[in-house]
file target.cif (mmCIF, C-alpha atoms and all ligand atoms)
data_upload
#
loop_
_atom_site.label_atom_id
_atom_site.label_comp_id
_atom_site.auth_asym_id
_atom_site.auth_seq_id
_atom_site.Cartn_x
_atom_site.Cartn_y
_atom_site.Cartn_z
CA MET A 261 -17.35 4.14 -12.07
CA SER A 262 -17.74 7.68 -10.70
CA GLY A 263 -15.22 10.34 -11.61
CA ARG A 264 -14.62 11.50 -8.06
CA LEU A 265 -10.84 11.65 -8.72
CA GLN A 266 -11.20 13.47 -12.05
CA GLY A 267 -8.29 15.85 -12.61
CA ARG A 268 -6.27 14.45 -9.70
CA VAL A 269 -2.72 13.20 -10.06
CA ALA A 270 -1.79 10.10 -8.07
CA TYR A 271 1.47 8.31 -7.41
CA VAL A 272 1.44 4.65 -6.34
CA LEU A 273 4.72 3.39 -4.87
CA GLY A 274 4.88 -0.36 -5.52
CA GLY A 275 2.27 -0.46 -8.28
CA GLY A 276 3.45 -3.50 -10.19
CA SER A 277 2.46 -7.04 -9.37
CA GLU A 278 4.48 -10.21 -9.36
CA GLY A 279 3.17 -13.74 -9.03
CA PRO A 280 0.55 -16.09 -10.42
CA ALA A 281 -2.70 -14.63 -11.71
CA ARG A 282 -6.02 -15.83 -10.32
CA ASP A 283 -7.74 -18.75 -12.02
CA GLY A 284 -9.15 -17.74 -15.36
CA GLU A 285 -7.22 -14.47 -15.44
CA SER A 286 -3.97 -13.58 -17.15
CA LEU A 287 -3.04 -10.37 -15.32
CA PRO A 288 -1.38 -10.94 -11.92
CA MET A 289 -3.25 -8.78 -9.43
CA GLY A 290 -1.74 -7.37 -6.26
CA ASN A 291 -2.83 -4.51 -4.06
CA GLY A 292 -0.60 -1.95 -5.77
CA ARG A 293 -1.82 -2.76 -9.26
CA ALA A 294 -5.45 -2.90 -8.14
CA ILE A 295 -5.06 0.49 -6.45
CA ALA A 296 -3.55 2.06 -9.58
CA LEU A 297 -6.36 0.67 -11.75
CA ARG A 298 -9.05 1.86 -9.34
CA LEU A 299 -7.65 5.40 -9.03
CA SER A 300 -7.49 5.55 -12.82
CA ALA A 301 -11.04 4.24 -13.20
CA GLU A 302 -12.15 7.07 -10.91
CA GLY A 303 -10.49 9.65 -13.15
CA ALA A 304 -6.98 10.18 -11.78
CA THR A 305 -3.79 10.35 -13.80
CA VAL A 306 -1.68 7.64 -12.21
CA VAL A 307 2.09 7.41 -11.93
CA VAL A 308 3.13 3.86 -11.12
CA GLY A 309 6.47 3.34 -9.38
CA ASP A 310 8.01 -0.10 -9.01
CA LYS A 311 11.46 -1.62 -8.82
CA SER A 312 10.48 -3.50 -11.97
CA LEU A 313 9.84 -1.04 -14.79
CA ASP A 314 8.30 -3.90 -16.76
CA ARG A 315 5.70 -4.61 -14.08
CA ALA A 316 4.94 -0.91 -13.66
CA THR A 317 4.54 -0.62 -17.43
CA VAL A 318 2.07 -3.52 -17.50
CA THR A 319 -0.01 -1.71 -14.88
CA VAL A 320 0.05 1.53 -16.89
CA GLU A 321 -0.98 -0.35 -20.02
CA HIS A 322 -4.15 -1.45 -18.19
CA LEU A 323 -5.13 1.98 -16.84
CA ASP A 324 -8.35 3.60 -18.06
CA GLY A 325 -6.65 6.96 -18.55
CA PRO A 326 -3.24 8.63 -18.64
CA GLY A 327 -0.37 7.27 -16.63
CA LEU A 328 3.37 6.91 -16.39
CA ALA A 329 5.62 4.04 -15.31
CA VAL A 330 8.66 4.93 -13.19
CA GLU A 331 11.46 2.69 -11.98
CA VAL A 332 12.10 3.13 -8.27
CA ASP A 333 13.90 1.09 -5.65
CA ALA A 334 12.18 1.71 -2.34
CA ALA A 335 15.30 0.52 -0.52
CA ASP A 336 17.28 3.44 -1.98
CA PRO A 337 16.54 6.92 -0.55
CA ASP A 338 17.76 8.80 -3.63
CA SER A 339 15.63 6.62 -5.86
CA CYS A 340 12.54 7.32 -3.71
CA ARG A 341 13.08 11.07 -3.99
CA ALA A 342 13.91 10.94 -7.70
CA ALA A 343 10.72 9.01 -8.48
CA VAL A 344 8.58 11.70 -6.86
CA SER A 345 10.43 14.42 -8.82
CA THR A 346 9.90 12.49 -12.06
CA ALA A 347 6.23 12.02 -11.26
CA ILE A 348 5.73 15.74 -10.62
CA ALA A 349 7.76 16.76 -13.68
CA HIS A 350 5.75 14.55 -16.02
CA ALA A 351 2.28 14.45 -14.48
CA GLY A 352 2.07 17.63 -12.38
CA ALA A 353 1.69 18.28 -8.66
CA LEU A 354 0.66 15.17 -6.79
CA ASP A 355 -2.76 15.20 -5.15
CA ILE A 356 -2.67 11.58 -4.00
CA VAL A 357 0.26 9.46 -2.85
CA VAL A 358 -0.26 5.79 -2.04
CA CYS A 359 2.62 4.16 -0.19
CA ASN A 360 1.89 0.52 -1.00
CA VAL A 361 5.28 -1.13 -1.27
CA GLY A 362 5.99 -3.64 1.46
CA ILE A 363 7.98 -6.80 1.94
CA SER A 364 7.22 -9.52 4.45
CA GLY A 365 9.94 -11.25 6.43
CA ARG A 366 10.02 -14.74 7.86
CA GLU A 367 12.10 -14.29 11.01
CA PRO A 368 10.67 -14.48 14.55
CA LEU A 369 12.68 -13.05 17.47
CA LYS A 370 14.93 -16.11 17.96
CA VAL A 371 16.44 -15.76 14.51
CA GLN A 372 15.70 -12.13 13.65
CA SER A 373 18.75 -10.91 11.74
CA LEU A 374 20.10 -7.41 11.37
CA GLU A 375 19.98 -7.78 7.61
CA ASP A 376 16.27 -8.64 7.50
CA TRP A 377 15.47 -5.96 10.08
CA GLY A 378 17.35 -3.38 8.00
CA ILE A 379 15.75 -4.12 4.65
CA ALA A 380 12.26 -4.34 6.18
CA GLY A 381 12.75 -0.93 7.76
CA ASP A 382 14.14 0.56 4.57
CA VAL A 383 11.31 -0.66 2.33
CA ASN A 384 8.29 -0.72 4.66
CA VAL A 385 8.84 2.53 6.55
CA ARG A 386 11.78 4.63 5.38
CA SER A 387 10.65 4.64 1.75
CA HIS A 388 7.23 5.78 2.87
CA TRP A 389 8.33 8.76 4.90
CA LEU A 390 10.88 9.74 2.25
CA THR A 391 8.20 9.61 -0.43
CA ALA A 392 5.81 11.61 1.72
CA GLN A 393 8.51 14.15 2.51
CA ALA A 394 9.31 14.60 -1.19
CA ALA A 395 5.66 14.99 -2.17
CA LEU A 396 4.68 17.27 0.70
CA PRO A 397 5.97 20.69 -0.52
CA THR A 398 3.72 20.86 -3.59
CA MET A 399 0.78 19.58 -1.58
CA LEU A 400 1.32 22.36 0.95
CA GLU A 401 1.64 24.92 -1.86
CA ASN A 402 -1.72 23.79 -3.25
CA ALA A 403 -3.21 23.20 0.21
CA ARG A 404 -4.45 19.87 -1.11
CA GLY A 405 -3.16 16.35 -0.71
CA ALA A 406 -4.05 12.89 0.48
CA PHE A 407 -1.63 10.19 1.57
CA VAL A 408 -2.80 6.61 1.91
CA PHE A 409 -0.45 4.10 3.50
CA VAL A 410 -1.06 0.41 2.84
CA GLY A 411 -0.69 -1.24 6.20
CA SER A 412 -1.32 -4.66 7.64
CA THR A 413 -3.11 -6.13 10.62
CA ALA A 414 0.41 -7.36 11.46
CA GLY A 415 1.04 -3.77 12.58
CA ILE A 416 -1.64 -4.16 15.24
CA TYR A 417 -1.63 -7.89 16.05
CA SER A 418 1.15 -10.41 16.07
CA SER A 419 0.93 -13.35 13.69
CA ARG A 420 4.03 -14.86 15.37
CA ARG A 421 5.73 -15.00 11.97
CA SER A 422 7.95 -12.03 11.31
CA LEU A 423 9.21 -9.62 13.93
CA SER A 424 10.54 -7.15 11.37
CA TYR A 425 7.26 -7.09 9.41
CA GLU A 426 5.17 -6.52 12.50
CA ALA A 427 7.49 -3.83 13.84
CA THR A 428 7.76 -1.96 10.55
CA LYS A 429 4.03 -2.13 9.89
CA ALA A 430 3.42 -0.65 13.34
CA ALA A 431 5.98 2.09 12.65
CA GLN A 432 4.32 2.82 9.32
CA LEU A 433 1.09 3.68 11.15
CA ALA A 434 3.04 6.06 13.38
CA VAL A 435 4.40 7.81 10.28
CA MET A 436 0.86 8.08 8.94
CA ARG A 437 -0.43 9.63 12.17
CA HIS A 438 2.46 12.09 12.31
CA VAL A 439 1.84 13.32 8.77
CA ALA A 440 -1.88 13.55 9.48
CA VAL A 441 -1.64 15.56 12.66
CA ARG A 442 1.26 17.76 11.61
CA TYR A 443 -0.40 18.98 8.38
CA ALA A 444 -4.09 18.64 9.21
CA ASP A 445 -4.59 22.40 9.11
CA ARG A 446 -2.79 22.80 5.76
CA GLY A 447 -5.15 20.78 3.53
CA VAL A 448 -3.17 17.56 3.70
CA ARG A 449 -4.70 14.31 4.97
CA ALA A 450 -3.04 10.99 5.75
CA ASN A 451 -4.73 7.67 6.45
CA ALA A 452 -4.00 3.97 6.24
CA VAL A 453 -5.78 0.87 5.11
CA VAL A 454 -4.93 -1.98 7.44
CA LEU A 455 -5.27 -5.15 5.41
CA GLY A 456 -5.97 -8.67 6.57
CA ASN A 457 -5.62 -11.70 4.31
CA ILE A 458 -5.71 -10.48 0.72
CA ASP A 459 -5.41 -12.86 -2.23
CA SER A 460 -2.64 -10.91 -3.94
CA ALA A 461 -0.25 -12.19 -6.60
CA LEU A 462 2.61 -11.84 -4.13
CA VAL A 463 0.86 -13.97 -1.53
CA ARG A 464 0.06 -16.58 -4.18
CA ARG A 465 3.72 -16.62 -5.13
CA GLU A 466 5.02 -16.88 -1.56
CA PHE A 467 2.40 -19.14 0.02
CA GLY A 468 0.82 -20.80 -3.02
CA ALA A 469 -2.79 -20.46 -4.16
CA GLY A 470 -3.51 -23.67 -2.20
CA GLY A 471 -2.64 -21.87 1.02
CA SER A 472 -5.63 -19.65 0.60
CA ASP A 473 -8.07 -22.10 2.16
CA ALA A 474 -6.09 -22.13 5.39
CA ARG A 475 -5.80 -18.36 5.29
CA ALA A 476 -9.51 -17.96 4.64
CA GLY A 477 -10.39 -20.34 7.48
CA VAL A 478 -9.80 -17.71 10.15
CA VAL A 479 -11.90 -15.06 8.44
CA PRO A 480 -15.51 -14.58 9.58
CA MET A 481 -16.45 -13.88 5.96
CA GLY A 482 -14.95 -17.27 5.11
CA ARG A 483 -12.76 -16.01 2.32
CA GLU A 484 -9.69 -13.93 1.61
CA GLY A 485 -10.10 -10.36 0.46
CA ARG A 486 -9.53 -9.32 -3.12
CA PRO A 487 -6.97 -6.67 -4.03
CA GLU A 488 -9.84 -4.77 -5.63
CA GLU A 489 -11.53 -4.54 -2.22
CA ALA A 490 -8.36 -3.10 -0.71
CA ALA A 491 -8.22 -0.66 -3.63
CA ALA A 492 -11.80 0.49 -3.07
CA ALA A 493 -10.93 1.44 0.51
CA VAL A 494 -7.82 3.29 -0.68
CA ALA A 495 -9.81 5.21 -3.30
CA PHE A 496 -12.33 6.27 -0.65
CA LEU A 497 -9.62 7.58 1.68
CA ALA A 498 -7.92 9.35 -1.24
CA SER A 499 -11.14 11.05 -2.31
CA ASP A 500 -13.03 14.10 -1.03
CA ASP A 501 -15.62 11.67 0.35
CA ALA A 502 -13.11 11.21 3.17
CA GLY A 503 -12.59 14.98 3.48
CA TYR A 504 -12.95 15.05 7.28
CA ILE A 505 -11.02 11.85 7.90
CA THR A 506 -7.36 11.98 8.78
CA GLY A 507 -4.97 10.02 10.97
CA GLN A 508 -7.15 6.90 10.76
CA SER A 509 -6.57 3.24 10.06
CA LEU A 510 -9.37 1.63 8.08
CA VAL A 511 -9.28 -2.10 8.74
CA VAL A 512 -10.11 -4.24 5.69
CA ASP A 513 -9.98 -7.79 7.04
CA GLY A 514 -13.34 -9.52 6.51
CA GLY A 515 -14.10 -9.26 10.23
CA VAL A 516 -10.99 -10.97 11.63
CA SER A 517 -10.16 -8.24 14.12
CA ALA A 518 -13.75 -8.08 15.35
CA ALA A 519 -13.94 -11.77 16.15
CA TRP A 520 -13.29 -13.91 19.19
CA PRO A 521 -10.29 -16.00 18.03
CA THR A 522 -11.87 -19.27 16.97
CA PRO A 523 -11.53 -20.91 13.56
CA HIS A 524 -14.38 -20.00 11.25
CA ARG A 525 -14.81 -23.65 10.18
N1 LIG B 601 -1.52 -9.51 0.41
C1 LIG B 601 -1.81 -9.49 1.69
O1 LIG B 601 -2.40 -10.44 2.26
C2 LIG B 601 -1.44 -8.28 2.49
C3 LIG B 601 -1.92 -8.22 3.82
C4 LIG B 601 -1.62 -7.12 4.58
C5 LIG B 601 -0.89 -6.09 4.02
N2 LIG B 601 -0.44 -6.16 2.76
C6 LIG B 601 0.36 -5.05 2.25
O2 LIG B 601 -0.05 -4.71 0.94
C7 LIG B 601 1.06 -4.15 0.27
C8 LIG B 601 1.19 -4.79 -1.08
O3 LIG B 601 1.30 -6.17 -0.94
P1 LIG B 601 0.90 -7.16 -2.13
O4 LIG B 601 1.06 -8.51 -1.55
O5 LIG B 601 -0.42 -6.83 -2.69
O6 LIG B 601 1.98 -6.86 -3.20
P2 LIG B 601 1.86 -5.97 -4.53
O7 LIG B 601 1.55 -6.90 -5.63
O8 LIG B 601 1.00 -4.78 -4.36
O9 LIG B 601 3.34 -5.40 -4.56
C9 LIG B 601 4.36 -6.08 -5.11
C10 LIG B 601 5.14 -5.06 -5.91
O10 LIG B 601 6.07 -4.34 -5.07
C11 LIG B 601 7.26 -4.22 -5.81
N3 LIG B 601 8.43 -4.04 -4.95
C12 LIG B 601 8.99 -4.93 -4.10
N4 LIG B 601 10.09 -4.42 -3.54
C13 LIG B 601 10.24 -3.18 -4.06
C14 LIG B 601 11.20 -2.16 -3.88
N5 LIG B 601 12.27 -2.31 -3.08
N6 LIG B 601 11.04 -1.00 -4.56
C15 LIG B 601 9.99 -0.81 -5.38
N7 LIG B 601 9.05 -1.77 -5.61
C16 LIG B 601 9.18 -2.93 -4.95
C17 LIG B 601 7.34 -5.53 -6.59
O11 LIG B 601 8.16 -5.38 -7.72
C18 LIG B 601 5.92 -5.83 -6.96
O12 LIG B 601 5.59 -5.36 -8.25
C19 LIG B 601 2.29 -4.33 1.18
O13 LIG B 601 2.55 -3.13 1.86
C20 LIG B 601 1.82 -5.40 2.14
O14 LIG B 601 2.49 -5.31 3.38
C21 LIG B 601 -0.69 -7.24 1.99
#

call {"tool": "encode", "arguments": {"input": "target.cif", "output": "structure tokens"}}
result
Amino acid sequence: MSGRLQGRVAYVLGGGSEGPARDGESLPMGNGRAIALRLSAEGATVVVGDKSLDRATVTVEHLDGPGLAVEVDAADPDSCRAAVSTAIAHAGALDIVVCNVGISGREPLKVQSLEDWGIAGDVNVRSHWLTAQAALPTMLENARGAFVFVGSTAGIYSSRRSLSYEATKAAQLAVMRHVAVRYADRGVRANAVVLGNIDSALVRREFGAGGSDARAGVVPMGREGRPEEAAAAVAFLASDDAGYITGQSLVVDGGVSAAWPTPHR
């Protein structure tokens, strides 16, 4: 693995993983954990924030280099800010911030509740802009920083499942574009990965590993993505290789959004 993130300090919000591991593996793998491992493998010091300190600690234990586990509740504004302060105090100024945490709802318009709408907004969008706001000052001081927001194709297309998820994932991309454009001339970049069907531990827990065949059936590549493939796209956007890229959404969906909507098989 190249050391293109050598000397960088990264913070991953939502870097634990919860749910069944893949067959033959013991470590549950979600996007947040895969991202933390990849940034570490490329040389970054990685601070892992998660509402479960245990899950964040497991991620840190598997890093290739230095790291720190931090307990943070994305639904709590003070906790979001405090986690960034802790990260900076212990690891140094943040060069890379990955806003990965996200929860999916199950309520279409007919039954969309205020409660679900509220928590989706708090976790999927508010925590992201609060985290970015807290990390921004040191990035501006150093004239160097990269934000990567972990988005979903649900922010661009409707899956008919969850109104709150689709709305908050769309809003998240607006936050990303605002950060990108507002600070483009100050050395700070912001981009998003827009993920399709990824075989994450959380998806296995919520939909079952058996659901993956149905999920893969709509993908031109004929399979779900791996969290490691999402992480590779995040690492690219976080690195200097993406130095002239800002305000963009990189779609990682195995070709779904390029296809005429027919089942693959
Ligand atoms: N898996 C997919 O198919 C898929 C598709 C599109 C987008 N995404 C996006 O990828 C991101 C990660 O999803 P994932 O399925 O890989 O999960 P993940 O495994 O990366 O994240 C789960 C982690 O988030 C933590 N978390 C949950 N609520 C939290 C809170 N309030 N505060 C702090 N931490 C909290 C959990 O403890 C868990 O460790 C989300 O933003 C999701 O919308 C996933």

call {"tool": "closest_residue", "arguments": {"input": "target.cif", "among": "A:Thr413, A:Arg341, A:Arg282, A:Asp324", "to": "Gly309 in chain A", "atoms": "only C-alpha atoms"}}
result
A:Arg341

call {"tool": "residues_around", "arguments": {"input": "target.cif", "residues": "Asp500 in chain A", "least_positions_apart": "3", "cutoff": "10 Å", "atoms": "all atoms listed in the file", "output": "list in words"}}
result
Arg264, Leu265, Ala406, Ala495, Phe496, Leu497, Gly503, Tyr504 and Ile505 of chain A

call {"tool": "write_last_selection", "arguments": {"input": "target.cif", "atoms": "C-alpha atoms", "output": "PDB file, keeping the file's coordinate frame"}}
result
ATOM      1  CA  ARG A 264     -14.620  11.500  -8.060  1.00  0.00           C
ATOM      2  CA  LEU A 265     -10.840  11.650  -8.720  1.00  0.00           C
ATOM      3  CA  ALA A 406      -4.050  12.890   0.480  1.00  0.00           C
ATOM      4  CA  ALA A 495      -9.810   5.210  -3.300  1.00  0.00           C
ATOM      5  CA  PHE A 496     -12.330   6.270  -0.650  1.00  0.00           C
ATOM      6  CA  LEU A 497      -9.620   7.580   1.680  1.00  0.00           C
ATOM      7  CA  GLY A 503     -12.590  14.980   3.480  1.00  0.00           C
ATOM      8  CA  TYR A 504     -12.950  15.050   7.280  1.00  0.00           C
ATOM      9  CA  ILE A 505     -11.020  11.850   7.900  1.00  0.00           C
TER      10      ILE A 505
END

call {"tool": "residues_near_ligand", "arguments": {"input": "target.cif", "ligand": "ligand LIG 601 (chain B)", "cutoff": "7 Å", "atoms": "all atoms listed in the file", "output": "PDB file with C-alpha atoms, in the frame of the given file"}}
result
ATOM      1  CA  LEU A 273       4.720   3.390  -4.870  1.00  0.00           C
ATOM      2  CA  GLY A 274       4.880  -0.360  -5.520  1.00  0.00           C
ATOM      3  CA  GLY A 275       2.270  -0.460  -8.280  1.00  0.00           C
ATOM      4  CA  GLY A 276       3.450  -3.500 -10.190  1.00  0.00           C
ATOM      5  CA  SER A 277       2.460  -7.040  -9.370  1.00  0.00           C
ATOM      6  CA  GLU A 278       4.480 -10.210  -9.360  1.00  0.00           C
ATOM      7  CA  MET A 289      -3.250  -8.780  -9.430  1.00  0.00           C
ATOM      8  CA  GLY A 290      -1.740  -7.370  -6.260  1.00  0.00           C
ATOM      9  CA  ASN A 291      -2.830  -4.510  -4.060  1.00  0.00           C
ATOM     10  CA  GLY A 292      -0.600  -1.950  -5.770  1.00  0.00           C
ATOM     11  CA  ARG A 293      -1.820  -2.760  -9.260  1.00  0.00           C
ATOM     12  CA  GLY A 309       6.470   3.340  -9.380  1.00  0.00           C
ATOM     13  CA  ASP A 310       8.010  -0.100  -9.010  1.00  0.00           C
ATOM     14  CA  LYS A 311      11.460  -1.620  -8.820  1.00  0.00           C
ATOM     15  CA  SER A 312      10.480  -3.500 -11.970  1.00  0.00           C
ATOM     16  CA  ARG A 315       5.700  -4.610 -14.080  1.00  0.00           C
ATOM     17  CA  VAL A 332      12.100   3.130  -8.270  1.00  0.00           C
ATOM     18  CA  ASP A 333      13.900   1.090  -5.650  1.00  0.00           C
ATOM     19  CA  ALA A 334      12.180   1.710  -2.340  1.00  0.00           C
ATOM     20  CA  ALA A 335      15.300   0.520  -0.520  1.00  0.00           C
ATOM     21  CA  ASN A 360       1.890   0.520  -1.000  1.00  0.00           C
ATOM     22  CA  VAL A 361       5.280  -1.130  -1.270  1.00  0.00           C
ATOM     23  CA  GLY A 362       5.990  -3.640   1.460  1.00  0.00           C
ATOM     24  CA  ILE A 363       7.980  -6.800   1.940  1.00  0.00           C
ATOM     25  CA  SER A 364       7.220  -9.520   4.450  1.00  0.00           C
ATOM     26  CA  VAL A 383      11.310  -0.660   2.330  1.00  0.00           C
ATOM     27  CA  ASN A 384       8.290  -0.720   4.660  1.00  0.00           C
ATOM     28  CA  VAL A 410      -1.060   0.410   2.840  1.00  0.00           C
ATOM     29  CA  GLY A 411      -0.690  -1.240   6.200  1.00  0.00           C
ATOM     30  CA  SER A 412      -1.320  -4.660   7.640  1.00  0.00           C
ATOM     31  CA  THR A 413      -3.110  -6.130  10.620  1.00  0.00           C
ATOM     32  CA  VAL A 454      -4.930  -1.980   7.440  1.00  0.00           C
ATOM     33  CA  LEU A 455      -5.270  -5.150   5.410  1.00  0.00           C
ATOM     34  CA  GLY A 456      -5.970  -8.670   6.570  1.00  0.00           C
ATOM     35  CA  ASN A 457      -5.620 -11.700   4.310  1.00  0.00           C
ATOM     36  CA  ILE A 458      -5.710 -10.480   0.720  1.00  0.00           C
ATOM     37  CA  ASP A 459      -5.410 -12.860  -2.230  1.00  0.00           C
ATOM     38  CA  SER A 460      -2.640 -10.910  -3.940  1.00  0.00           C
ATOM     39  CA  ALA A 461      -0.250 -12.190  -6.600  1.00  0.00           C
ATOM     40  CA  LEU A 462       2.610 -11.840  -4.130  1.00  0.00           C
ATOM     41  CA  VAL A 463       0.860 -13.970  -1.530  1.00  0.00           C
ATOM     42  CA  PRO A 487      -6.970  -6.670  -4.030  1.00  0.00           C
TER      43      PRO A 487
END

call {"tool": "closest_residue", "arguments": {"input": "target.cif", "among": "A:Val439, A:Ala502, A:Leu390, A:Ala351", "to": "Ser339 in chain A", "atoms": "all atoms listed in the file"}}
result
A:Leu390

call {"tool": "closest_residue", "arguments": {"input": "target.cif", "among": "A:Arg366, A:Val479, A:Leu313, A:Gly405", "to": "Glu466 in chain A", "atoms": "all atoms listed in the file"}}
result
A:Arg366

call {"tool": "closest_residue", "arguments": {"input": "target.cif", "among": "A:Arg420, A:Tyr271, A:Ala427, A:Glu302", "to": "Thr346 in chain A", "atoms": "only C-alpha atoms"}}
result
A:Tyr271
